[in-house]
>>> print(open('my_file-v9.cif').read())   # mmCIF, C-alpha atoms
data_entry
loop_
_atom_site.label_atom_id
_atom_site.label_comp_id
_atom_site.auth_asym_id
_atom_site.auth_seq_id
_atom_site.Cartn_x
_atom_site.Cartn_y
_atom_site.Cartn_z
CA MET A 1 8.21 25.00 -3.01
CA VAL A 2 4.90 25.60 -4.78
CA LEU A 3 2.38 22.78 -5.06
CA LYS A 4 -0.48 23.15 -7.51
CA VAL A 5 -3.12 20.74 -6.30
CA PHE A 6 -6.27 19.74 -8.18
CA ARG A 7 -9.38 20.66 -6.23
CA TRP A 8 -12.92 19.67 -7.02
CA GLY A 9 -16.01 18.57 -5.16
CA PRO A 10 -19.58 17.84 -6.20
CA GLY A 11 -21.23 21.09 -7.24
CA ALA A 12 -17.94 23.01 -7.31
CA ARG A 13 -15.78 24.09 -10.23
CA GLU A 14 -12.47 22.32 -10.70
CA ARG A 15 -9.31 24.34 -10.15
CA LEU A 16 -5.62 24.03 -9.41
CA GLN A 17 -4.99 25.53 -5.98
CA LYS A 18 -1.56 26.85 -5.20
CA TYR A 19 0.07 26.04 -1.86
CA TRP A 20 3.49 26.87 -0.57
CA VAL A 21 5.38 24.19 1.34
CA LYS A 22 8.79 24.43 2.93
CA ALA A 23 10.57 21.44 1.36
CA ARG A 24 12.71 19.59 3.87
CA GLN A 25 15.28 16.95 3.16
CA GLY A 26 13.67 13.60 2.39
CA MET A 27 10.21 15.13 2.13
CA THR A 28 7.82 13.25 -0.15
CA VAL A 29 4.80 14.58 -2.01
CA LEU A 30 2.62 12.72 0.50
CA ASP A 31 4.46 14.38 3.41
CA ALA A 32 3.80 17.74 1.79
CA LEU A 33 0.10 17.01 1.32
CA VAL A 34 -0.26 15.82 4.92
CA GLU A 35 1.49 18.95 6.15
CA LEU A 36 -0.79 21.14 4.08
CA GLN A 37 -3.87 19.37 5.35
CA ARG A 38 -2.76 19.68 8.97
CA SER A 39 -1.44 23.21 8.91
CA SER A 40 -3.34 25.20 6.34
CA ASP A 41 -6.21 23.41 4.61
CA PRO A 42 -8.06 20.62 6.43
CA THR A 43 -10.55 20.38 3.55
CA LEU A 44 -7.94 18.97 1.17
CA ALA A 45 -8.91 15.36 0.41
CA PHE A 46 -6.49 12.63 -0.61
CA ARG A 47 -6.07 8.95 0.14
CA TYR A 48 -3.20 7.08 1.73
CA ALA A 49 -2.68 4.15 4.06
CA CYS A 50 0.70 2.47 4.49
CA ARG A 51 2.98 5.47 3.70
CA VAL A 52 5.83 3.14 2.80
CA GLY A 53 5.20 2.12 -0.80
CA MET A 54 3.29 -1.08 -0.28
CA CYS A 55 -0.43 -0.47 -0.64
CA GLY A 56 -0.55 1.88 -3.64
CA SER A 57 -3.49 3.87 -2.29
CA CYS A 58 -1.66 7.21 -2.63
CA ALA A 59 -1.35 6.84 -6.42
CA MET A 60 -1.66 10.26 -8.11
CA VAL A 61 -0.56 12.05 -11.23
CA ILE A 62 2.43 14.14 -10.19
CA ASN A 63 3.98 16.43 -12.80
CA GLY A 64 2.14 14.55 -15.54
CA ARG A 65 3.22 11.07 -14.50
CA GLU A 66 1.47 8.46 -12.39
CA ARG A 67 3.43 7.92 -9.17
CA TRP A 68 2.80 6.92 -5.59
CA ALA A 69 3.00 10.07 -3.51
CA CYS A 70 4.65 8.35 -0.55
CA ARG A 71 7.67 7.31 -2.62
CA THR A 72 8.07 10.49 -4.63
CA LEU A 73 10.65 12.82 -3.16
CA LEU A 74 10.12 16.51 -3.80
CA SER A 75 13.86 16.78 -4.40
CA GLY A 76 13.62 14.19 -7.18
CA LEU A 77 11.14 16.21 -9.22
CA ALA A 78 11.99 18.77 -11.86
CA ARG A 79 12.44 22.37 -10.72
CA GLY A 80 9.38 24.56 -10.62
CA PRO A 81 5.89 24.08 -9.24
CA VAL A 82 4.78 20.53 -8.59
CA THR A 83 1.40 19.72 -10.13
CA VAL A 84 -0.67 17.07 -8.37
CA ARG A 85 -3.80 15.62 -9.95
CA PRO A 86 -5.96 12.60 -9.20
CA LEU A 87 -5.62 9.48 -11.34
CA TYR A 88 -7.10 9.77 -14.81
CA HIS A 89 -9.95 7.57 -16.06
CA PHE A 90 -11.49 7.01 -12.62
CA PRO A 91 -14.64 8.78 -11.39
CA LEU A 92 -13.75 11.61 -9.05
CA ILE A 93 -15.04 11.63 -5.51
CA ARG A 94 -13.30 14.76 -4.29
CA ASP A 95 -9.98 16.54 -4.85
CA LEU A 96 -7.36 13.81 -5.26
CA VAL A 97 -9.65 10.95 -4.26
CA VAL A 98 -11.04 8.74 -7.00
CA ASP A 99 -13.49 5.86 -6.98
CA MET A 100 -11.56 2.65 -7.68
CA ALA A 101 -14.73 0.54 -8.07
CA PRO A 102 -14.74 0.60 -11.91
CA MET A 103 -11.44 -1.27 -11.92
CA LYS A 104 -13.06 -4.09 -9.98
CA THR A 105 -16.07 -3.99 -12.30
CA ARG A 106 -13.77 -4.35 -15.29
CA MET A 107 -12.12 -7.35 -13.66
CA LEU A 108 -15.50 -8.97 -13.05
CA ASP A 109 -16.51 -8.26 -16.65
CA MET A 110 -13.41 -10.12 -17.77
CA LYS A 111 -14.14 -12.93 -15.30
CA ALA A 112 -10.77 -12.17 -13.70
CA VAL A 113 -11.65 -14.09 -10.56
CA PHE A 114 -10.24 -17.43 -9.52
CA VAL A 115 -12.68 -20.28 -10.09
CA PRO A 116 -11.62 -23.57 -8.49
CA GLY A 117 -11.00 -26.26 -11.06
CA HIS A 118 -10.70 -30.01 -10.60
CA ARG A 119 -7.12 -29.77 -9.26
CA THR A 120 -8.22 -28.00 -6.08
CA THR A 121 -10.13 -31.08 -4.99
CA ASP A 122 -7.29 -33.49 -5.73
CA GLY A 123 -5.77 -35.29 -2.78
CA ASP A 124 -5.37 -33.66 0.57
CA GLY A 125 -5.44 -29.95 1.22
CA PHE A 126 -4.76 -27.36 -1.43
CA ALA A 127 -3.41 -28.07 -4.87
CA GLN A 128 -0.06 -26.36 -5.16
CA VAL A 129 1.93 -24.75 -7.91
CA GLY A 130 5.60 -25.16 -7.08
CA SER A 131 7.45 -21.87 -6.55
CA ARG A 132 10.17 -22.97 -8.99
CA SER A 133 7.83 -24.47 -11.56
CA ARG A 134 7.67 -23.06 -15.07
CA GLU A 135 4.01 -22.27 -14.56
CA ARG A 136 4.74 -20.16 -11.52
CA ARG A 137 7.80 -18.43 -12.95
CA SER A 138 5.83 -17.33 -16.01
CA ILE A 139 3.52 -15.23 -13.82
CA ASP A 140 5.96 -14.35 -11.05
CA ALA A 141 6.01 -10.63 -11.74
CA ALA A 142 2.39 -10.32 -12.85
CA ILE A 143 0.90 -11.59 -9.58
CA GLU A 144 2.49 -8.73 -7.65
CA CYS A 145 -0.22 -6.27 -8.75
CA ILE A 146 -1.37 -4.14 -5.82
CA GLY A 147 -4.35 -2.64 -7.64
CA CYS A 148 -3.13 0.95 -7.40
CA GLY A 149 -4.73 1.92 -10.73
CA MET A 150 -1.70 3.77 -12.12
CA CYS A 151 -1.66 1.61 -15.26
CA VAL A 152 -5.33 2.35 -15.95
CA SER A 153 -4.63 6.06 -15.54
CA ALA A 154 -1.65 5.96 -17.91
CA CYS A 155 -3.39 3.93 -20.61
CA THR A 156 -4.55 6.09 -23.52
CA MET A 157 -6.83 3.35 -24.85
CA VAL A 158 -8.88 3.32 -21.64
CA SER A 159 -9.59 6.94 -22.37
CA HIS A 160 -10.64 6.29 -25.97
CA ASP A 161 -12.70 3.14 -25.50
CA ALA A 162 -14.84 2.79 -22.39
CA ARG A 163 -15.29 -0.92 -23.12
CA PHE A 164 -11.56 -1.66 -23.07
CA PRO A 165 -10.97 -3.37 -19.70
CA GLY A 166 -7.54 -1.84 -19.25
CA PRO A 167 -4.13 -3.17 -18.25
CA ALA A 168 -4.85 -4.22 -14.65
CA ALA A 169 -7.80 -6.46 -15.52
CA LEU A 170 -5.99 -8.07 -18.44
CA ASN A 171 -2.88 -8.64 -16.35
CA ARG A 172 -5.06 -10.45 -13.82
CA VAL A 173 -6.67 -12.50 -16.60
CA PHE A 174 -3.18 -13.48 -17.76
CA THR A 175 -2.21 -14.82 -14.32
CA LEU A 176 -5.44 -16.84 -14.08
CA GLN A 177 -5.15 -18.28 -17.59
CA ARG A 178 -1.71 -19.57 -16.66
CA ASP A 179 -2.99 -21.11 -13.40
CA SER A 180 -3.59 -24.84 -13.81
CA ARG A 181 -5.78 -24.90 -10.69
CA ASP A 182 -8.30 -22.53 -12.24
CA GLY A 183 -11.40 -23.95 -13.89
CA ALA A 184 -12.68 -21.01 -15.94
CA HIS A 185 -10.12 -20.75 -18.74
CA ALA A 186 -12.68 -21.34 -21.49
CA ASP A 187 -15.14 -18.73 -20.17
CA ARG A 188 -12.37 -16.19 -19.79
CA SER A 189 -11.07 -16.89 -23.29
CA GLU A 190 -14.46 -15.96 -24.68
CA ALA A 191 -14.45 -12.75 -22.66
CA VAL A 192 -11.02 -11.57 -23.81
CA LEU A 193 -11.73 -12.37 -27.46
CA ALA A 194 -14.52 -9.78 -27.57
CA GLU A 195 -14.00 -6.88 -29.96
CA ASP A 196 -12.82 -4.25 -27.49
CA VAL A 197 -10.45 -6.31 -25.40
CA LEU A 198 -7.13 -7.81 -26.53
CA THR A 199 -7.09 -6.15 -29.92
CA ARG A 200 -7.64 -2.73 -28.40
CA CYS A 201 -4.20 -2.56 -26.78
CA HIS A 202 -1.83 -0.64 -29.05
CA GLY A 203 1.30 -1.65 -27.19
CA GLN A 204 2.26 1.87 -26.16
CA ALA A 205 3.55 0.42 -22.87
CA ASN A 206 2.50 3.45 -20.84
CA CYS A 207 1.15 1.01 -18.25
CA THR A 208 4.49 -0.77 -18.06
CA ALA A 209 6.39 2.49 -17.72
CA VAL A 210 4.43 3.68 -14.68
CA CYS A 211 3.83 0.42 -12.79
CA PRO A 212 5.40 0.84 -9.33
CA MET A 213 5.76 -2.93 -8.99
CA GLU A 214 7.61 -3.12 -12.31
CA ILE A 215 4.97 -5.40 -13.79
CA SER A 216 4.54 -5.34 -17.55
CA PRO A 217 0.81 -5.46 -18.30
CA THR A 218 1.81 -4.92 -21.94
CA GLY A 219 3.72 -8.21 -21.77
CA SER A 220 0.72 -9.92 -20.19
CA ILE A 221 -1.60 -8.66 -22.93
CA LEU A 222 0.82 -9.75 -25.66
CA ALA A 223 1.05 -13.19 -24.03
CA LEU A 224 -2.75 -13.44 -23.98
CA ARG A 225 -2.82 -12.50 -27.65
CA ARG A 226 -0.31 -15.21 -28.54
CA ARG A 227 -2.39 -17.68 -26.58
CA ALA A 228 -5.50 -16.59 -28.47
CA VAL A 229 -3.76 -16.97 -31.84
CA LEU A 230 -2.48 -20.45 -30.96
CA ARG A 231 -5.96 -21.40 -29.90
CA LEU A 232 -7.28 -20.13 -33.21
CA PHE A 233 -5.03 -22.66 -34.95
CA GLY A 234 -6.06 -25.33 -32.49
CA ILE A 235 -2.57 -25.82 -31.09
CA GLY A 236 -2.72 -24.06 -27.76
CA PRO A 237 -4.48 -24.14 -24.44
CA ARG A 238 -7.70 -22.21 -23.98
CA MET B 1 -20.90 -14.63 -12.29
CA SER B 2 -22.08 -11.19 -13.33
CA ALA B 3 -20.74 -7.73 -12.75
CA ARG B 4 -22.99 -5.37 -10.84
CA ARG B 5 -22.88 -1.79 -11.99
CA VAL B 6 -23.95 0.64 -9.32
CA GLU B 7 -23.75 3.78 -11.40
CA PRO B 8 -22.70 4.26 -15.03
CA VAL B 9 -19.15 5.60 -15.05
CA ARG B 10 -19.85 7.88 -18.01
CA ASP B 11 -22.26 9.94 -15.93
CA ARG B 12 -19.63 10.83 -13.38
CA LYS B 13 -16.87 13.42 -13.49
CA MET B 14 -13.61 11.91 -14.60
CA LEU B 15 -10.30 13.42 -15.65
CA THR B 16 -8.60 12.48 -18.89
CA ARG B 17 -5.24 13.59 -20.17
CA ARG B 18 -5.68 16.80 -22.15
CA MET B 19 -3.41 16.22 -25.09
CA GLY B 20 -3.46 19.92 -25.95
CA SER B 21 -1.68 20.79 -22.72
CA ALA B 22 2.07 20.77 -22.12
CA GLU B 23 1.53 18.85 -18.89
CA ALA B 24 0.08 15.87 -20.77
CA TRP B 25 3.24 15.57 -22.86
CA ARG B 26 5.64 16.35 -20.02
CA ASP B 27 6.37 12.73 -19.28
CA THR B 28 5.57 10.92 -22.50
CA LYS B 29 7.08 7.48 -22.45
CA MET B 30 9.22 5.94 -25.16
CA GLY B 31 6.65 3.28 -26.11
CA MET B 32 4.15 6.06 -26.73
CA TRP B 33 6.60 7.90 -29.00
CA ALA B 34 7.20 4.67 -30.95
CA TRP B 35 3.48 4.20 -31.48
CA LEU B 36 2.88 7.85 -32.34
CA LEU B 37 5.79 8.09 -34.79
CA GLN B 38 4.59 5.02 -36.65
CA ARG B 39 1.09 6.47 -37.02
CA VAL B 40 2.35 9.89 -38.06
CA ALA B 41 4.61 8.20 -40.62
CA ALA B 42 1.60 6.30 -41.97
CA VAL B 43 -0.42 9.48 -42.45
CA GLY B 44 2.60 11.18 -43.97
CA LEU B 45 3.05 8.28 -46.37
CA LEU B 46 -0.47 8.70 -47.72
CA ALA B 47 0.31 12.27 -48.70
CA VAL B 48 3.82 11.57 -50.02
CA ILE B 49 2.72 8.58 -52.12
CA ALA B 50 0.03 10.70 -53.74
CA VAL B 51 2.60 13.36 -54.69
CA HIS B 52 5.11 10.70 -55.73
CA LEU B 53 2.66 9.12 -58.17
CA LYS B 54 2.25 12.46 -59.96
CA ASN B 55 6.00 12.96 -60.36
CA PRO B 56 8.22 9.99 -59.39
CA PHE B 57 11.45 11.88 -60.14
CA ALA B 58 11.24 14.72 -57.62
CA ARG B 59 14.20 14.27 -55.28
CA PRO B 60 12.64 15.81 -52.13
CA VAL B 61 9.60 13.58 -52.50
CA GLN B 62 11.80 10.51 -52.99
CA THR B 63 13.71 11.46 -49.84
CA ALA B 64 10.55 11.84 -47.82
CA LEU B 65 9.15 8.59 -49.21
CA LEU B 66 12.23 6.58 -48.32
CA ALA B 67 12.45 8.08 -44.82
CA LEU B 68 8.78 7.50 -44.06
CA VAL B 69 8.75 3.96 -45.46
CA LEU B 70 11.76 3.03 -43.34
CA LEU B 71 10.35 4.65 -40.22
CA HIS B 72 6.92 3.07 -40.59
CA GLY B 73 8.24 -0.32 -41.65
CA LEU B 74 10.95 -0.71 -39.03
CA LEU B 75 8.62 0.38 -36.22
CA GLY B 76 6.23 -2.22 -37.58
CA VAL B 77 8.96 -4.84 -37.35
CA ARG B 78 9.47 -3.78 -33.72
CA ALA B 79 5.77 -4.33 -33.01
CA ILE B 80 5.84 -7.73 -34.74
CA LEU B 81 8.88 -8.87 -32.75
CA LEU B 82 7.12 -7.93 -29.52
CA ASP B 83 3.96 -9.70 -30.71
CA PHE B 84 5.99 -12.82 -31.41
CA GLY B 85 7.30 -13.03 -27.89
CA LEU B 86 10.38 -10.88 -27.42
CA PRO B 87 10.28 -9.66 -23.81
CA ALA B 88 8.11 -6.55 -23.52
CA ARG B 89 10.82 -4.95 -21.36
CA TRP B 90 12.95 -4.72 -24.51
CA HIS B 91 10.52 -2.33 -26.18
CA ARG B 92 12.68 0.75 -25.59
CA LEU B 93 15.78 -0.95 -26.93
CA LEU B 94 13.86 -2.13 -29.98
CA PHE B 95 12.63 1.42 -30.59
CA LEU B 96 16.18 2.74 -30.55
CA LEU B 97 17.39 -0.10 -32.75
CA ALA B 98 14.59 0.59 -35.24
CA LEU B 99 15.60 4.27 -35.41
CA LEU B 100 19.28 3.42 -35.79
CA ALA B 101 18.55 0.80 -38.46
CA GLY B 102 16.38 3.36 -40.24
CA VAL B 103 19.15 5.98 -40.27
CA ALA B 104 21.71 3.39 -41.45
CA ALA B 105 19.44 2.06 -44.21
CA PHE B 106 18.53 5.59 -45.33
CA THR B 107 22.16 6.65 -45.51
CA GLY B 108 23.26 3.47 -47.28
CA PHE B 109 20.42 3.54 -49.78
CA TRP B 110 20.86 7.21 -50.56
CA ARG B 111 24.58 6.80 -51.22
CA TRP B 112 23.94 3.77 -53.43
CA ARG B 113 21.51 5.60 -55.75
CA TRP B 114 21.93 4.02 -59.15
CA TYR B 115 20.64 6.85 -61.27
#
>>> encode(input="my_file-v9.cif", output="structure tokens")
Amino acid sequence: MVLKVFRWGPGARERLQKYWVKARQGMTVLDALVELQRSSDPTLAFRYACRVGMCGSCAMVINGRERWACRTLLSGLARGPVTVRPLYHFPLIRDLVVDMAPMKTRMLDMKAVFVPGHRTTDGDGFAQVGSRSRERRSIDAAIECIGCGMCVSACTMVSHDARFPGPAALNRVFTLQRDSRDGAHADRSEAVLAEDVLTRCHGQANCTAVCPMEISPTGSILALRRRAVLRLFGIGPR
Amino acid sequence: MSARRVEPVRDRKMLTRRMGSAEAWRDTKMGMWAWLLQRVAAVGLLAVIAVHLKNPFARPVQTALLALVLLHGLLGVRAILLDFGLPARWHRLLFLLALLAGVAAFTGFWRWRWY
């Protein structure tokens, strides 16, 4: 099987390098890359950690779609050469390795960090949100984000507007705005009502389609919008 | 709380989807098609309405106008329903329903022509 792998390093020209790999049964794209690195090209750079579909660090664009390389079987891909690129919309470090720091920066810009509110100091120990409570169930899926960056890569609006914080940051904001223990709802509301934030999402749902954890950042953004509209009429929480 | 920027992202090499390449369209998702079709229909409507105003009785123009209005409008209804809280995971189903409703309305309306 032919793999066309994106290669680039500082000072070098970008190119798609062709490799030939003998595809074995159950072989994943990550297996193929590891084999290539060990047997024929030790300079090939890519990132991975858990190898079992938990950490999301091997997220790449494989045949035009964001996927985690460790869970993508070569046999499951369309016939023909397999094209492997790094995630879009992230600064490149080398080959398939991107710098994930801008995603964290976007989260900080949106104040997507838990700020203890008054409930955390109530009574003894930690304030709890019951696992079966409505509050918890409303964010059940959204809190499973592993920060792989696939949604940011798939989002066309991130590409068009550098100030748009992207699906991951807004999904995180959504979980915090629904958290009654958090004390920064008002500050965060101001941040998401800026011009290039909530209104910038066009609902294309590319983020939802590629999320390996089956989270719907589109749903989170729409929920934040409804919250913002209710607040505008003075009938909703901040 | 303030975000610290180490290096402006715009100054660094970054890949974006090249929409002129086949690879970029290889795995286009349904939500993207819904969005794109609605926008294309809107641009098409601008042209068709201009022609329609010059001669309201041209059958091909009427056909195009009806088709584009239905496509644009029903995809708009889909977006509104999602905005109003229908589960986002239904977006593909709503896209298909909008297309089906569009075909049904077009067929029904065209058969019913009163002149």
>>> resolve_selection(input="my_file-v9.cif", expression="the PyMOL selection byres ((chain A) within 9 of (chain B))", output="PyMOL selection string")
chain A and resi 10+63-65+83+85-93+98+102+104-109+111+153-154+156+159+162+202-206+208-209+216+218-220+222-223+225-226
>>> atom_distance(input="my_file-v9.cif", atom1="CA of Leu81 in chain B", atom2="CA of Asp161 in chain A")
25.7 Å
>>> atom_distance(input="my_file-v9.cif", atom1="CA of Phe106 in chain B", atom2="CA of Gln62 in chain B")
11.3 Å
>>> closest_residue(input="my_file-v9.cif", among="A:Arg181, A:Arg132, A:His160, A:Arg47", to="Arg94 in chain A", atoms="all atoms listed in the file")
A:Arg47
>>> resolve_selection(input="my_file-v9.cif", expression="the PyMOL selection byres ((chain A and resi 180) around 10)", output="list of chain:residue names")
A:Pro116, A:Gly117, A:His118, A:Arg119, A:Thr120, A:Ala127, A:Gln128, A:Val129, A:Glu135, A:Arg136, A:Leu176, A:Gln177, A:Arg178, A:Asp179, A:Arg181, A:Asp182, A:Gly183, A:His185
>>> axis_aligned_box(input="my_file-v9.cif", around="range 45-55 of chain B", padding_each_side="6 Å", output="lines of an AutoDock Vina configuration file")
center_x = 2.8
center_y = 10.8
center_z = -53.4
size_x = 18.5
size_y = 17.1
size_z = 26.0
>>> closest_residue(input="my_file-v9.cif", among="A:Leu74, A:Met157, A:Ala191, A:Ile62", to="Gly26 in chain A", atoms="only C-alpha atoms")
A:Leu74
>>> resolve_selection(input="my_file-v9.cif", expression="the PyMOL selection byres ((chain B and resi 67) around 10)", output="list in words")
Ala41, Leu45, Val61, Gln62, Thr63, Ala64, Leu65, Leu66, Leu68, Val69, Leu70, Leu71, His72, Gly73, Gly102, Val103, Ala105, Phe106 and Thr107 of chain B
>>> write_last_selection(input="my_file-v9.cif", atoms="C-alpha atoms", output="compact mmCIF listing (two decimals), in the frame of the given file")
# COMPACT_ATOMS: atom_id res chain seq x y z
CA ALA B 41 4.61 8.20 -40.62
CA LEU B 45 3.05 8.28 -46.37
CA VAL B 61 9.60 13.58 -52.50
CA GLN B 62 11.80 10.51 -52.99
CA THR B 63 13.71 11.46 -49.84
CA ALA B 64 10.55 11.84 -47.82
CA LEU B 65 9.15 8.59 -49.21
CA LEU B 66 12.23 6.58 -48.32
CA LEU B 68 8.78 7.50 -44.06
CA VAL B 69 8.75 3.96 -45.46
CA LEU B 70 11.76 3.03 -43.34
CA LEU B 71 10.35 4.65 -40.22
CA HIS B 72 6.92 3.07 -40.59
CA GLY B 73 8.24 -0.32 -41.65
CA GLY B 102 16.38 3.36 -40.24
CA VAL B 103 19.15 5.98 -40.27
CA ALA B 105 19.44 2.06 -44.21
CA PHE B 106 18.53 5.59 -45.33
CA THR B 107 22.16 6.65 -45.51
>>> residues_around(input="my_file-v9.cif", residues="range 165-175 of chain A", least_positions_apart="5", cutoff="7 Å", atoms="all atoms listed in the file", output="PyMOL selection string")
chain A and resi 106-107+112+139+142-143+151-152+158+197+207+217+220-221+224
>>> atom_distance(input="my_file-v9.cif", atom1="CA of Arg7 in chain A", atom2="CA of Arg71 in chain A")
22.0 Å
>>> residues_around(input="my_file-v9.cif", residues="Gly56 in chain A", least_positions_apart="5", cutoff="9 Å", atoms="all atoms listed in the file", output="ChimeraX atom specification")
/A:48-51,68-70,146-150,212
>>> write_last_selection(input="my_file-v9.cif", atoms="C-alpha atoms", output="PDB file, keeping the file's coordinate frame")
ATOM      1  CA  TYR A  48      -3.200   7.080   1.730  1.00  0.00           C
ATOM      2  CA  ALA A  49      -2.680   4.150   4.060  1.00  0.00           C
ATOM      3  CA  CYS A  50       0.700   2.470   4.490  1.00  0.00           C
ATOM      4  CA  ARG A  51       2.980   5.470   3.700  1.00  0.00           C
ATOM      5  CA  TRP A  68       2.800   6.920  -5.590  1.00  0.00           C
ATOM      6  CA  ALA A  69       3.000  10.070  -3.510  1.00  0.00           C
ATOM      7  CA  CYS A  70       4.650   8.350  -0.550  1.00  0.00           C
ATOM      8  CA  ILE A 146      -1.370  -4.140  -5.820  1.00  0.00           C
ATOM      9  CA  GLY A 147      -4.350  -2.640  -7.640  1.00  0.00           C
ATOM     10  CA  CYS A 148      -3.130   0.950  -7.400  1.00  0.00           C
ATOM     11  CA  GLY A 149      -4.730   1.920 -10.730  1.00  0.00           C
ATOM     12  CA  MET A 150      -1.700   3.770 -12.120  1.00  0.00           C
ATOM     13  CA  PRO A 212       5.400   0.840  -9.330  1.00  0.00           C
TER      14      PRO A 212
END
